[in-house]
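Quick notes on the structure that follows.
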Amino acid sequence: MSQFLIQYVRLEPQNWVFLSTLLVIGLFLMFHRFWSLRNLDILLVLAFTPGMMLVYEGRQKAFRIPKPEVVVAEEHGGSEIQGATAAQGGTLGGSETERIASIQPLEGQEADSSWPPDKLRYWGFLWLITCAFLTVTRMLLDTTIVRRPLLDPNLTSGGMLFIGTSLLLYLMVNVATSSPVEQRRSSPEIGPGYVLLSALPQIATTPQPTTNSLDKPLDNVEIPRSGVRLSLARVLAIGANLTLVFCILAIGYWHFGNFKTGVGAVTFYLLLPYTAHMTGRVDHVVPSALLLLAILMYRQPFVAGLFLGCAAGVVYYPFSLLPLWCSFYWQRGIRRFAGGFAVAIFVLVIAMIILHPNNLFQDLGYMFGLKQVAMTGMDGIWGLGWYPIMRIPIIVVFVLLSLSFVVWPAQKNLATLLSCSSAIMAATQFWHGFGGGLYMAWFIPLALLTIFRPNLDYCIALEVVRPTRKKAGRKATPSPVAESEASPSTN
């Protein structure tokens, strides 16, 4: 953005946390009803911020720690080890297998006595997992809440619309002008199934640390150099964010019957530090936008199935939503929903065949999540101390939770789709082996809509989904026997 504004300096994430948190509290906290469920919900959403900042600080610190490099000088017939001492003007001798046991701080730097990067990241991911567990509990309990008082934000719709539009423009310009960073998922083996998104670079919308020749990035993987890939990543990120914002507004206006509620939910989401931090991550925002499109079009089973199938195709976790959504449409619309879902999966499989002809069966296995549970090479809490074998019982419990929505709750409506979809996507963070807890875009927008929603008990499939033409024709044309029985006698 510095190309458009002279002397513009991108705001540090720490400063954004303080400013956005104060704005969220001022706009949405119910000061006249302090001990209310709405206030607890707001604090729960804000509770993710400390964990995210611990992970951010840990990763940034890993970039700044000097590490030795071994450089083989073949033209001199020997080897040279360059490390912290070499950077200060000294030389290190020894064979190629010699390593530096300890590194002295560079000149002008003091020894850092704070937590090491891995410890910061460990406690950050643990904090995020704990908040995800609380979110799952809150979303499941929402199905039992009957009374939904209307609690509007503390600002008018015009004021929030201005703030939200300004934030959206700021974030989109950041995505358009930011540069890519190191892509850790160089292959599907080290990613959570994004076969179609794994080749796209990540867009860094936060200030990156200044490194020198001694710094070794945490994820030292080659950056994709294709300009087409970078442009596609930017287009997808901007388009997904715009779609996400539009869906929240449209759901508030059409399904909730309250435009101010939609504007409030959008402004809340755009103010979150997570949104500014992960705006350029297509693996975060693309599945979220597709899930919200499915919610927006829930009155059209085929279209809803199409969008849900697309979400499950780009990242396999939404497959766990099928029992919930099929149960919702079981009385009306199940065939159309299943048809739309199947069409989306078929199209994505064709795209996989065209774009990834090599190792097709292996890539299809990753696309559908049909692979062995990973035990090594993971990121997040499972790569920082937790035993990977414990993922197996957690996955079993997760599958049982997903299947339980076939019979519970017995009567499903739009509120059930919102809260239970958010609960399932938040529960995926427990066994997500590659940064579980950070993928908040998968469930935070759905949770915000659940928090702000009115009473939606009437939004069931039998009431809002139109019957097929064949069934509608049968209902509109009564039988001759019925007409004769219903007509009065002429005698």
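Naming scheme: A, B, ... for chains in displayed order of the structure tokens; residues 1 onward per chain; ligands 1 onward as shown.
All residues of protein, DNA or RNA that reach within 8 Å of region 234-248 of chain A, judged by only C-alpha atoms and not counting those fewer than 3 positions away in the chain, are Met172, Val175, Ala176, Ile203, Leu230, Ser231, Ile251, Gly252, Gly262, Val263, Ala265, Val266, Thr279, Gly280, Arg281, Val282, Val285, Val286, Ser288, Ala289, Leu292, Leu293, Leu296, Pro445 and Leu449 of chain A.
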Identify all residues of region 105-157 of chain A in helix (DSSP H, G or I) (DSSP on the backbone) and supply them as a list in words.
-> Pro117, Asp118, Lys119, Leu120, Arg121, Tyr122, Trp123, Gly124, Phe125, Leu126, Trp127, Leu128, Ile129, Thr130, Cys131, Ala132, Phe133, Leu134, Thr135, Val136, Thr137, Arg138, Met139, Leu140, Leu141, Asp142, Thr143, Thr144 and Ser157 of chain A
Who sits within 6 Å of region 21-35 of chain A, only C-alpha atoms, same chain under 3 positions skipped, as an NGL selection string = :A and (17-18 or 39 or 153-154)
Excluding region 363-380 of chain A and any residue of its chain fewer than 5 positions from it, enumerate the residues within 6 Å of it, using only C-alpha atoms, and give them as a PDB file with C-alpha atoms, in the first residue's frame.
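Saved file out-v2.pdb follows:
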```pdb
ATOM      1  CA  GLY A 193      -5.546 -32.377   1.675  1.00  0.00           C
ATOM      2  CA  TYR A 316     -11.689 -32.784   2.652  1.00  0.00           C
ATOM      3  CA  PRO A 388       0.714 -38.187  17.101  1.00  0.00           C
ATOM      4  CA  GLY A 433      -2.026 -32.095  12.010  1.00  0.00           C
ATOM      5  CA  PHE A 434      -0.788 -29.034  10.126  1.00  0.00           C
ATOM      6  CA  GLY A 435      -1.590 -25.956  12.170  1.00  0.00           C
TER       7      GLY A 435
END
```
For region 50-57 of chain A: contacts at 6 Å, only C-alpha atoms, fewer than 6 positions along chain excluded, given as a ChimeraX atom specification | /A:120-121,124,127-128
Quick one: residues within 6 Å of Pro323 (chain A), only C-alpha atoms counted, chain neighbours fewer than 3 positions away excluded, as a ChimeraX atom specification?
-> /A:326,403,406
Pairwise distance, CA of Ser178 (chain A) with CA of Ile444 (chain A), equals 24.5 Å
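The two atoms in question, CA of Gly437 (chain A) and CA of Phe125 (chain A), are spaced 6.3 Å apart.
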